[in-house]
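A.B. asks: Handing over model.csv, CSV, C-alpha atoms.
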```csv
chain,number,residue,atom,x,y,z
J,89,MET,CA,47.7,32.5,53.8
J,90,ALA,CA,44.6,31.5,55.7
J,91,ILE,CA,41.8,29.7,54.0
J,92,ARG,CA,39.0,32.1,52.9
J,93,ALA,CA,37.0,30.0,50.4
J,94,ILE,CA,36.2,26.3,49.8
J,95,THR,CA,35.8,24.7,46.3
J,96,PHE,CA,34.5,21.3,45.4
J,97,ASP,CA,35.0,19.0,42.4
J,98,PHE,CA,31.9,17.4,40.8
J,99,TRP,CA,32.7,13.9,39.5
J,100,GLY,CA,33.8,11.4,42.1
J,101,THR,CA,33.6,14.1,44.8
J,102,LEU,CA,30.0,15.3,45.0
J,103,PHE,CA,28.5,12.9,42.5
J,104,ARG,CA,29.0,9.3,41.4
J,105,ASP,CA,28.4,8.5,37.8
J,106,THR,CA,25.2,6.6,37.4
J,107,GLY,CA,23.2,6.4,34.2
J,108,ALA,CA,26.2,6.4,31.9
J,109,GLU,CA,24.9,3.4,29.9
J,110,LEU,CA,21.5,4.9,29.5
J,111,ARG,CA,23.0,8.2,28.3
J,112,GLN,CA,25.1,6.4,25.8
J,113,ALA,CA,22.1,4.4,24.5
J,114,MET,CA,20.2,7.7,24.1
J,115,ARG,CA,23.0,9.3,22.2
J,116,LEU,CA,23.5,6.2,20.0
J,117,LYS,CA,19.8,6.0,19.1
J,118,ALA,CA,19.7,9.7,18.1
J,119,PHE,CA,22.9,9.4,16.1
J,120,CYS,CA,21.7,6.3,14.2
J,121,GLU,CA,18.4,8.0,13.4
J,122,ALA,CA,20.2,11.1,12.1
J,123,THR,CA,22.8,9.4,10.0
J,124,GLY,CA,21.2,6.1,9.0
J,125,ALA,CA,24.2,4.2,10.3
J,126,ALA,CA,23.9,0.7,11.8
J,127,PRO,CA,24.1,0.6,15.6
J,128,GLU,CA,27.4,-1.2,15.6
J,129,THR,CA,28.9,1.2,13.1
J,130,ALA,CA,27.5,4.2,15.0
J,131,MET,CA,28.8,2.8,18.3
J,132,ASN,CA,32.3,2.5,16.9
J,133,ALA,CA,32.2,6.1,15.8
J,134,LEU,CA,31.0,7.2,19.2
J,135,GLU,CA,33.7,5.2,21.0
J,136,THR,CA,36.3,6.8,18.8
J,137,THR,CA,34.8,10.2,19.6
J,138,PHE,CA,34.9,9.7,23.4
J,139,ALA,CA,38.5,8.4,23.1
J,140,GLU,CA,39.4,11.7,21.4
J,141,PHE,CA,37.7,13.6,24.2
J,142,GLN,CA,39.8,11.7,26.7
J,143,ARG,CA,43.0,12.3,24.7
J,144,SER,CA,42.3,16.0,24.5
J,145,HIS,CA,41.5,16.2,28.2
J,146,ILE,CA,44.7,14.4,29.3
J,147,GLU,CA,47.2,15.5,26.7
J,148,ASP,CA,45.9,19.0,25.7
J,149,GLN,CA,44.2,19.7,29.1
J,150,ARG,CA,41.3,21.1,27.0
J,151,THR,CA,37.7,20.0,27.0
J,152,LEU,CA,35.9,19.5,23.7
J,153,SER,CA,32.2,20.4,23.3
J,154,PRO,CA,29.1,18.4,22.4
J,155,LEU,CA,29.2,20.0,19.0
J,156,ASP,CA,32.8,18.7,18.6
J,157,ALA,CA,31.5,15.2,19.5
J,158,VAL,CA,29.0,15.3,16.6
J,159,HIS,CA,31.6,16.6,14.1
J,160,ILE,CA,34.1,13.9,15.2
J,161,ALA,CA,31.6,11.1,15.0
J,162,CYS,CA,30.5,12.2,11.6
J,163,SER,CA,34.0,12.5,10.4
J,164,VAL,CA,34.7,8.9,11.5
J,165,LEU,CA,31.9,7.8,9.3
J,166,ASN,CA,32.7,10.3,6.5
J,167,ILE,CA,29.1,11.7,6.8
J,168,LYS,CA,28.1,15.3,6.4
J,169,LEU,CA,24.9,16.4,8.2
J,170,LYS,CA,23.0,19.7,7.8
J,171,GLY,CA,23.5,22.4,10.4
J,172,PRO,CA,20.1,22.0,12.1
J,173,THR,CA,20.6,18.2,12.5
J,174,VAL,CA,24.1,18.7,13.9
J,175,ARG,CA,22.8,21.2,16.4
J,176,ARG,CA,20.0,18.9,17.4
J,177,LEU,CA,22.3,16.0,17.9
J,178,ALA,CA,24.7,18.2,19.9
J,179,HIS,CA,21.8,19.2,22.2
J,180,ILE,CA,20.9,15.5,22.7
J,181,PHE,CA,24.5,14.6,23.5
J,182,ALA,CA,24.7,17.5,26.0
J,183,THR,CA,21.4,17.0,27.8
J,184,ALA,CA,21.2,13.2,28.0
J,185,ILE,CA,22.7,13.5,31.5
J,186,ILE,CA,19.7,15.6,32.6
J,187,LYS,CA,17.4,12.6,31.8
J,188,TYR,CA,19.8,10.1,33.2
J,189,PRO,CA,21.7,12.0,35.9
J,190,PRO,CA,24.5,11.0,38.3
J,191,GLU,CA,23.7,10.5,42.0
J,192,PRO,CA,25.0,12.6,44.9
J,193,ILE,CA,27.5,10.8,47.0
J,194,GLU,CA,26.3,10.2,50.6
J,195,GLY,CA,26.8,13.3,52.8
J,196,ALA,CA,28.0,15.5,49.9
J,197,LEU,CA,25.1,18.0,50.3
J,198,ASP,CA,25.7,18.2,54.0
J,199,ALA,CA,29.4,18.9,53.4
J,200,VAL,CA,28.7,21.7,51.0
J,201,ARG,CA,26.0,23.2,53.3
J,202,THR,CA,28.4,23.1,56.3
J,203,ALA,CA,31.3,24.6,54.4
J,204,ALA,CA,29.0,27.4,53.2
J,205,GLN,CA,28.2,28.4,56.8
J,206,ARG,CA,31.9,29.3,57.2
J,207,TRP,CA,33.2,30.4,53.8
J,208,PRO,CA,32.2,31.3,50.2
J,209,VAL,CA,31.8,28.0,48.3
J,210,GLY,CA,32.4,27.3,44.6
J,211,LEU,CA,32.6,24.4,42.2
J,212,ILE,CA,35.5,23.6,39.9
J,213,SER,CA,34.8,20.8,37.5
J,214,ASP,CA,36.2,19.3,34.3
J,215,THR,CA,33.5,18.3,31.9
J,216,GLY,CA,33.1,15.9,29.0
J,217,VAL,CA,30.2,15.4,26.5
J,218,SER,CA,28.0,16.7,29.3
J,219,PRO,CA,28.8,20.4,29.5
J,220,GLY,CA,28.6,22.8,32.4
J,221,SER,CA,25.2,24.0,31.4
J,222,SER,CA,23.8,20.5,32.1
J,223,LEU,CA,25.8,20.0,35.3
J,224,ARG,CA,24.4,23.3,36.6
J,225,GLN,CA,20.9,22.0,36.2
J,226,ILE,CA,21.8,18.9,38.2
J,227,LEU,CA,23.4,20.9,40.9
J,228,GLY,CA,20.2,23.0,41.2
J,229,ARG,CA,17.9,20.0,41.1
J,230,GLU,CA,19.8,18.3,43.9
J,231,GLY,CA,20.0,21.4,46.1
J,232,PHE,CA,23.7,22.2,45.8
J,233,ALA,CA,23.5,25.3,43.7
J,234,GLY,CA,22.0,27.5,46.4
J,235,TYR,CA,25.1,27.1,48.6
J,236,MET,CA,27.6,28.0,45.8
J,237,SER,CA,28.7,31.4,44.5
J,238,ALA,CA,30.9,30.3,41.7
J,239,PHE,CA,30.6,27.6,39.0
J,240,THR,CA,33.7,26.9,36.9
J,241,PHE,CA,33.6,24.3,34.1
J,242,SER,CA,36.4,23.4,31.8
J,243,ASN,CA,34.3,23.6,28.6
J,244,GLU,CA,33.5,27.2,29.5
J,245,VAL,CA,37.0,28.3,30.6
J,246,GLY,CA,38.8,26.7,27.6
J,247,VAL,CA,41.3,24.7,29.7
J,248,ALA,CA,41.0,21.8,32.2
J,249,LYS,CA,42.4,21.2,35.6
J,250,PRO,CA,45.2,21.4,36.7
J,251,GLN,CA,45.6,24.5,34.6
J,252,ALA,CA,45.7,27.7,36.8
J,253,PRO,CA,42.8,29.6,35.1
J,254,MET,CA,40.3,27.0,36.5
J,255,PHE,CA,41.3,28.0,40.0
J,256,GLU,CA,42.1,31.7,39.4
J,257,ARG,CA,38.8,32.4,37.8
J,258,THR,CA,37.0,30.7,40.7
J,259,ALA,CA,39.0,32.7,43.3
J,260,ARG,CA,38.2,35.9,41.5
J,261,ILE,CA,34.5,35.3,41.6
J,262,LEU,CA,34.6,34.3,45.2
J,263,GLY,CA,36.5,37.5,46.1
J,264,VAL,CA,39.7,35.8,47.4
J,265,ALA,CA,43.2,35.1,46.2
J,266,PRO,CA,44.0,31.8,44.6
J,267,ASN,CA,46.3,30.8,47.5
J,268,GLU,CA,43.3,31.3,49.9
J,269,LEU,CA,41.4,28.4,48.3
J,270,PHE,CA,40.8,25.0,49.9
J,271,HIS,CA,39.8,22.7,47.1
J,272,LEU,CA,38.4,19.2,47.6
J,273,GLY,CA,38.5,16.6,44.8
J,274,ASP,CA,39.3,12.9,44.2
J,275,LEU,CA,42.1,13.2,41.6
J,276,GLN,CA,45.7,13.9,42.6
J,277,PRO,CA,46.9,15.0,39.1
J,278,THR,CA,44.1,17.5,38.5
J,279,ASP,CA,42.4,18.5,41.7
J,280,ILE,CA,45.2,18.3,44.2
J,281,LEU,CA,48.1,19.5,42.1
J,282,GLY,CA,45.9,22.1,40.5
J,283,VAL,CA,45.1,24.0,43.7
J,284,GLN,CA,48.5,23.5,45.1
J,285,ASN,CA,50.1,24.9,42.0
J,286,VAL,CA,48.3,28.2,42.7
J,287,GLY,CA,49.4,28.2,46.3
J,288,GLY,CA,46.1,26.9,47.8
J,289,LYS,CA,45.5,23.9,50.0
J,290,ALA,CA,44.0,20.6,49.0
J,291,GLY,CA,41.7,17.9,50.5
J,292,LEU,CA,41.6,14.5,48.8
J,293,PHE,CA,38.1,13.1,48.9
J,294,ALA,CA,38.6,9.3,48.8
J,295,GLY,CA,35.1,8.2,49.9
J,296,PHE,CA,34.3,7.1,46.3
J,297,ASN,CA,37.5,6.9,44.4
J,298,THR,CA,40.2,5.3,46.6
J,299,ARG,CA,42.9,5.3,44.0
J,300,PHE,CA,45.1,8.0,45.5
J,301,ILE,CA,44.9,7.1,49.2
J,302,GLY,CA,48.5,7.1,50.4
J,303,HIS,CA,49.7,8.6,47.2
J,304,THR,CA,48.7,12.2,47.5
J,305,THR,CA,50.3,15.5,48.3
J,306,ALA,CA,47.0,16.8,49.7
J,307,GLU,CA,47.1,18.4,53.2
J,308,TYR,CA,44.1,16.4,54.2
J,309,THR,CA,42.5,13.1,53.1
J,310,PHE,CA,38.8,12.3,53.8
J,311,THR,CA,37.2,8.9,53.3
J,312,SER,CA,33.7,10.2,54.0
J,313,TRP,CA,32.0,13.6,54.0
J,314,GLN,CA,31.1,13.1,57.7
J,315,GLU,CA,34.8,13.0,58.4
J,316,PHE,CA,35.3,16.3,56.5
J,317,ILE,CA,32.5,17.9,58.5
J,318,THR,CA,34.0,16.7,61.8
J,319,ILE,CA,37.5,18.0,60.9
J,320,LEU,CA,36.3,21.3,59.4
J,321,PRO,CA,36.7,23.3,62.6
J,322,GLN,CA,40.4,22.2,62.7
J,323,ILE,CA,40.8,23.4,59.1
J,324,CYS,CA,39.5,26.8,60.2
```
Starting from the file, give its structure as structure tokens.
C.D. replies:
Amino acid sequence: MAIRAITFDFWGTLFRDTGAELRQAMRLKAFCEATGAAPETAMNALETTFAEFQRSHIEDQRTLSPLDAVHIACSVLNIKLKGPTVRRLAHIFATAIIKYPPEPIEGALDAVRTAAQRWPVGLISDTGVSPGSSLRQILGREGFAGYMSAFTFSNEVGVAKPQAPMFERTARILGVAPNELFHLGDLQPTDILGVQNVGGKAGLFAGFNTRFIGHTTAEYTFTSWQEFITILPQIC
């Protein structure tokens, strides 16, 4: 099947993760104030929480929510908080990324803009403590959202890449078949295998994460977004 739509990953593809330490400090401060826990104790609880997020993402291929993060951290400390406090903490956990956002990778916006001139464009992203609602705001702030017609986030779908629903949902919104997608991402196990498992084509973006160069089944490998823009007519 011919390519009829292009989708992009978020982390390591369009954005590099900056501000992570500041986000963590913001969450830690709020958690200490809400629970009365000492910083070291609270940090241990949060580290356990994020480890569980990672385990769930890899083993269960499912994304937990900011509310889950608060409940897990409180469980580690054997603390019970009132509902309003739990919801306030969850909001802080979720929106810390808006105050301390990641940075667009060089050329990423040009790549999305150029792709949108030829095909419908969408985003397919796994999330963590920072949910899709927050990432949407960042995409809008940085000028990406106006070129995208579909936004698929794992915390909203209920499964993570490489599960087929992540790609099937996006294809449906873009008005194409899953095997007509061309997906660009930086991870072989999730981005590349995910789209190939539904019959689509894949482009490994290795301009930031070089881990899978030479170890990918992707039809194309790009080491910069300018390279993608140059090769785009050939992909057509």
A.B. asks: In the coordinate frame of the file, compute which residues have an atom within 10 Å of (47.0, 26.1, 47.8) when using all atoms listed in the file, and state them as a list of chain:residue names.
C.D. replies: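 Nearby residues: J:Met89, J:Ala90, J:Ile91, J:Phe255, J:Ala265, J:Pro266, J:Asn267, J:Glu268, J:Leu269, J:Phe270, J:His271, J:Ile280, J:Leu281, J:Gly282, J:Val283, J:Gln284, J:Asn285, J:Val286, J:Gly287, J:Gly288, J:Lys289, J:Ala290, J:Ala306, J:Glu307.
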A.B. asks: So that I have them on file, write out the residues from the current selection with C-alpha atoms, as an mmCIF file, in the frame of the given file.
C.D. replies:
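And here's part-v4.cif as it stands now:
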```cif
data_model
loop_
_atom_site.group_PDB
_atom_site.id
_atom_site.type_symbol
_atom_site.label_atom_id
_atom_site.label_comp_id
_atom_site.auth_asym_id
_atom_site.auth_seq_id
_atom_site.Cartn_x
_atom_site.Cartn_y
_atom_site.Cartn_z
ATOM 1 C CA MET J 89 47.700 32.500 53.800
ATOM 2 C CA ALA J 90 44.600 31.500 55.700
ATOM 3 C CA ILE J 91 41.800 29.700 54.000
ATOM 4 C CA PHE J 255 41.300 28.000 40.000
ATOM 5 C CA ALA J 265 43.200 35.100 46.200
ATOM 6 C CA PRO J 266 44.000 31.800 44.600
ATOM 7 C CA ASN J 267 46.300 30.800 47.500
ATOM 8 C CA GLU J 268 43.300 31.300 49.900
ATOM 9 C CA LEU J 269 41.400 28.400 48.300
ATOM 10 C CA PHE J 270 40.800 25.000 49.900
ATOM 11 C CA HIS J 271 39.800 22.700 47.100
ATOM 12 C CA ILE J 280 45.200 18.300 44.200
ATOM 13 C CA LEU J 281 48.100 19.500 42.100
ATOM 14 C CA GLY J 282 45.900 22.100 40.500
ATOM 15 C CA VAL J 283 45.100 24.000 43.700
ATOM 16 C CA GLN J 284 48.500 23.500 45.100
ATOM 17 C CA ASN J 285 50.100 24.900 42.000
ATOM 18 C CA VAL J 286 48.300 28.200 42.700
ATOM 19 C CA GLY J 287 49.400 28.200 46.300
ATOM 20 C CA GLY J 288 46.100 26.900 47.800
ATOM 21 C CA LYS J 289 45.500 23.900 50.000
ATOM 22 C CA ALA J 290 44.000 20.600 49.000
ATOM 23 C CA ALA J 306 47.000 16.800 49.700
ATOM 24 C CA GLU J 307 47.100 18.400 53.200
#
```
A.B. asks: Which residue is closest to Met254 in chain J? Choose from J:Thr95, J:Phe138, J:Ile301, J:Tyr235 and count all atoms listed in the file.
C.D. replies: J:Thr95
A.B. asks: What's around Leu223 in chain J at 10 Å? Count all atoms listed in the file, leave out sequence neighbours fewer than 6 positions away in its own chain, and write the answer as a list in words.
C.D. replies: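 Answer for this query is Phe98, Ala182, Thr183, Ile185, Ile186, Pro189, Pro190, Ser213, Thr215, Arg229, Phe239 and Phe241 of chain J.
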A.B. asks: Any idea what's packed within 10 Å of Trp207 in chain J, counting only C-alpha atoms, ignoring anything in its chain fewer than 6 positions away? Could you give it as a PyMOL selection string?
C.D. replies: chain J and resi 91-95+262+324
A.B. asks: Give me, please, the distance in Å between CA of Gly231 in chain J and CA of Thr101 in chain J, quoted to one decimal.
C.D. replies: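 Answer for the CA of Gly231 in chain J to CA of Thr101 in chain J separation: 15.5 Å.
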A.B. asks: Between CA of Glu244 in chain J and CA of Phe141 in chain J, what is the spacing in Å?
C.D. replies: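 Separation of CA of Phe141 in chain J and CA of Glu244 in chain J: 15.2 Å.
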A.B. asks: Rank J:Gln251, J:Gly195, J:Val217, J:Arg111 by their smallest atom-to-atom distance to Phe316 in chain J, using all atoms listed in the file, and report the top residue only.
C.D. replies: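 So, comparing all the options, the nearest one is J:Gly195.
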A.B. asks: Rounded to one decimal place, report the CA of Ile212 in chain J-CA of Phe96 in chain J distance in Å.
C.D. replies: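 So the two atoms, CA of Ile212 in chain J and CA of Phe96 in chain J, lie 6.0 Å apart.
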A.B. asks: Adding 6 Å on each side of the box along x, y and z that holds all listed atoms of range 129-132 of chain J, could you give its centre and edge lengths in Å to one decimal, as JSON?
C.D. replies:
```
{"center_x": 29.9, "center_y": 2.7, "center_z": 15.7, "size_x": 16.8, "size_y": 15.0, "size_z": 17.2}
```
A.B. asks: Calculated over all atoms listed in the file, which of the candidates J:Leu272, J:His303, J:Tyr188, J:Gly263 has the smallest distance to Gly107 in chain J?
C.D. replies: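 Among the listed residues, J:Tyr188 lies closest to Gly107 in chain J.
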A.B. asks: Restricting the calculation to only C-alpha atoms, which member of J:Val247, J:Leu110, J:Ala122, J:Ala184 is positioned closest to Ile146 in chain J?
C.D. replies: J:Val247
A.B. asks: At a cut-off of 8 Å, using only C-alpha atoms, what residues contact Glu191 in chain J? Leave out same-chain residues fewer than 3 positions from it and give the result as a ChimeraX atom specification.
C.D. replies: /J:103-106
A.B. asks: Produce a file of the selected residues containing C-alpha atoms, as a short mmCIF file (atom, residue, chain, number, x, y, z; two decimals), in the frame of the given file.
C.D. replies:
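What follows is the written file again.cif:
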```cif
data_model
loop_
_atom_site.label_atom_id
_atom_site.label_comp_id
_atom_site.auth_asym_id
_atom_site.auth_seq_id
_atom_site.Cartn_x
_atom_site.Cartn_y
_atom_site.Cartn_z
CA PHE J 103 28.50 12.90 42.50
CA ARG J 104 29.00 9.30 41.40
CA ASP J 105 28.40 8.50 37.80
CA THR J 106 25.20 6.60 37.40
#
```
A.B. asks: Taking 5 positions as the minimum chain separation for residues in the same chain, which residues sit within 9 Å of Ile160 in chain J when counting only C-alpha atoms? Answer as a PyMOL selection string.
C.D. replies: chain J and resi 133-134+136-137+140+155+165
A.B. asks: Restricting the calculation to all atoms listed in the file, which member of J:Ala259, J:Ile317, J:Ala238, J:Ile180 is positioned closest to Arg201 in chain J?
C.D. replies: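 Using all atoms listed in the file, Arg201 in chain J sits closest to J:Ile317.
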A.B. asks: Could you give me range 231-263 of chain J completed to N, CA and C atoms, formatted as a compact mmCIF listing (two decimals), in the coordinates of the input?
C.D. replies:
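Produced file rebuild_12.txt, reproduced below:
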```
# COMPACT_ATOMS: atom_id res chain seq x y z
N GLY J 231 19.92 20.47 45.00
CA GLY J 231 20.00 21.40 46.10
C GLY J 231 21.40 21.93 46.43
N PHE J 232 22.38 21.68 45.58
CA PHE J 232 23.70 22.20 45.80
C PHE J 232 23.91 23.63 45.41
N ALA J 233 23.25 24.03 44.33
CA ALA J 233 23.50 25.30 43.70
C ALA J 233 23.30 26.50 44.66
N GLY J 234 22.31 26.38 45.54
CA GLY J 234 22.00 27.50 46.40
C GLY J 234 23.09 27.82 47.43
N TYR J 235 24.03 26.90 47.63
CA TYR J 235 25.10 27.10 48.60
C TYR J 235 26.40 27.58 47.86
N MET J 236 26.37 27.67 46.53
CA MET J 236 27.60 28.00 45.80
C MET J 236 27.49 29.33 45.10
N SER J 237 28.60 30.04 45.14
CA SER J 237 28.70 31.40 44.50
C SER J 237 29.46 31.42 43.25
N ALA J 238 30.13 30.32 42.90
CA ALA J 238 30.90 30.30 41.70
C ALA J 238 30.84 28.88 41.08
N PHE J 239 30.70 28.83 39.75
CA PHE J 239 30.60 27.60 39.00
C PHE J 239 31.64 27.65 37.87
N THR J 240 32.69 26.87 37.94
CA THR J 240 33.70 26.90 36.90
C THR J 240 33.82 25.56 36.23
N PHE J 241 33.56 25.56 34.92
CA PHE J 241 33.60 24.30 34.10
C PHE J 241 34.60 24.43 33.02
N SER J 242 35.30 23.36 32.78
CA SER J 242 36.40 23.40 31.80
C SER J 242 35.96 23.74 30.41
N ASN J 243 34.77 23.30 30.01
CA ASN J 243 34.30 23.60 28.60
C ASN J 243 34.05 25.09 28.46
N GLU J 244 33.81 25.81 29.56
CA GLU J 244 33.50 27.20 29.50
C GLU J 244 34.80 28.08 29.64
N VAL J 245 35.77 27.55 30.38
CA VAL J 245 37.00 28.30 30.60
C VAL J 245 37.96 28.12 29.40
N GLY J 246 37.91 26.95 28.78
CA GLY J 246 38.80 26.70 27.60
C GLY J 246 39.99 25.84 27.97
N VAL J 247 40.22 25.60 29.25
CA VAL J 247 41.30 24.70 29.70
C VAL J 247 40.70 23.81 30.81
N ALA J 248 41.42 22.73 31.12
CA ALA J 248 41.00 21.80 32.20
C ALA J 248 41.94 21.85 33.34
N LYS J 249 41.49 21.32 34.47
CA LYS J 249 42.40 21.20 35.60
C LYS J 249 43.55 20.23 35.19
N PRO J 250 44.76 20.48 35.64
CA PRO J 250 45.20 21.40 36.70
C PRO J 250 45.56 22.78 36.30
N GLN J 251 45.14 23.22 35.11
CA GLN J 251 45.60 24.50 34.60
C GLN J 251 45.08 25.63 35.59
N ALA J 252 45.96 26.60 35.82
CA ALA J 252 45.70 27.70 36.80
C ALA J 252 44.43 28.45 36.55
N PRO J 253 44.04 28.76 35.28
CA PRO J 253 42.80 29.60 35.10
C PRO J 253 41.57 28.96 35.71
N MET J 254 41.51 27.65 35.85
CA MET J 254 40.30 27.00 36.50
C MET J 254 40.21 27.49 37.93
N PHE J 255 41.32 27.63 38.61
CA PHE J 255 41.30 28.00 40.00
C PHE J 255 41.33 29.54 40.17
N GLU J 256 42.07 30.21 39.31
CA GLU J 256 42.10 31.70 39.40
C GLU J 256 40.80 32.32 39.12
N ARG J 257 40.08 31.81 38.13
CA ARG J 257 38.80 32.40 37.80
C ARG J 257 37.82 32.19 39.01
N THR J 258 37.84 31.01 39.60
CA THR J 258 37.00 30.70 40.70
C THR J 258 37.28 31.65 41.91
N ALA J 259 38.57 31.79 42.21
CA ALA J 259 39.00 32.70 43.30
C ALA J 259 38.51 34.09 43.07
N ARG J 260 38.64 34.55 41.85
CA ARG J 260 38.20 35.90 41.50
C ARG J 260 36.74 36.12 41.77
N ILE J 261 35.92 35.17 41.36
CA ILE J 261 34.50 35.30 41.60
C ILE J 261 34.14 35.24 43.05
N LEU J 262 34.87 34.42 43.81
CA LEU J 262 34.60 34.30 45.20
C LEU J 262 35.20 35.45 46.05
N GLY J 263 35.99 36.30 45.40
CA GLY J 263 36.50 37.50 46.10
C GLY J 263 37.73 37.17 46.96
```
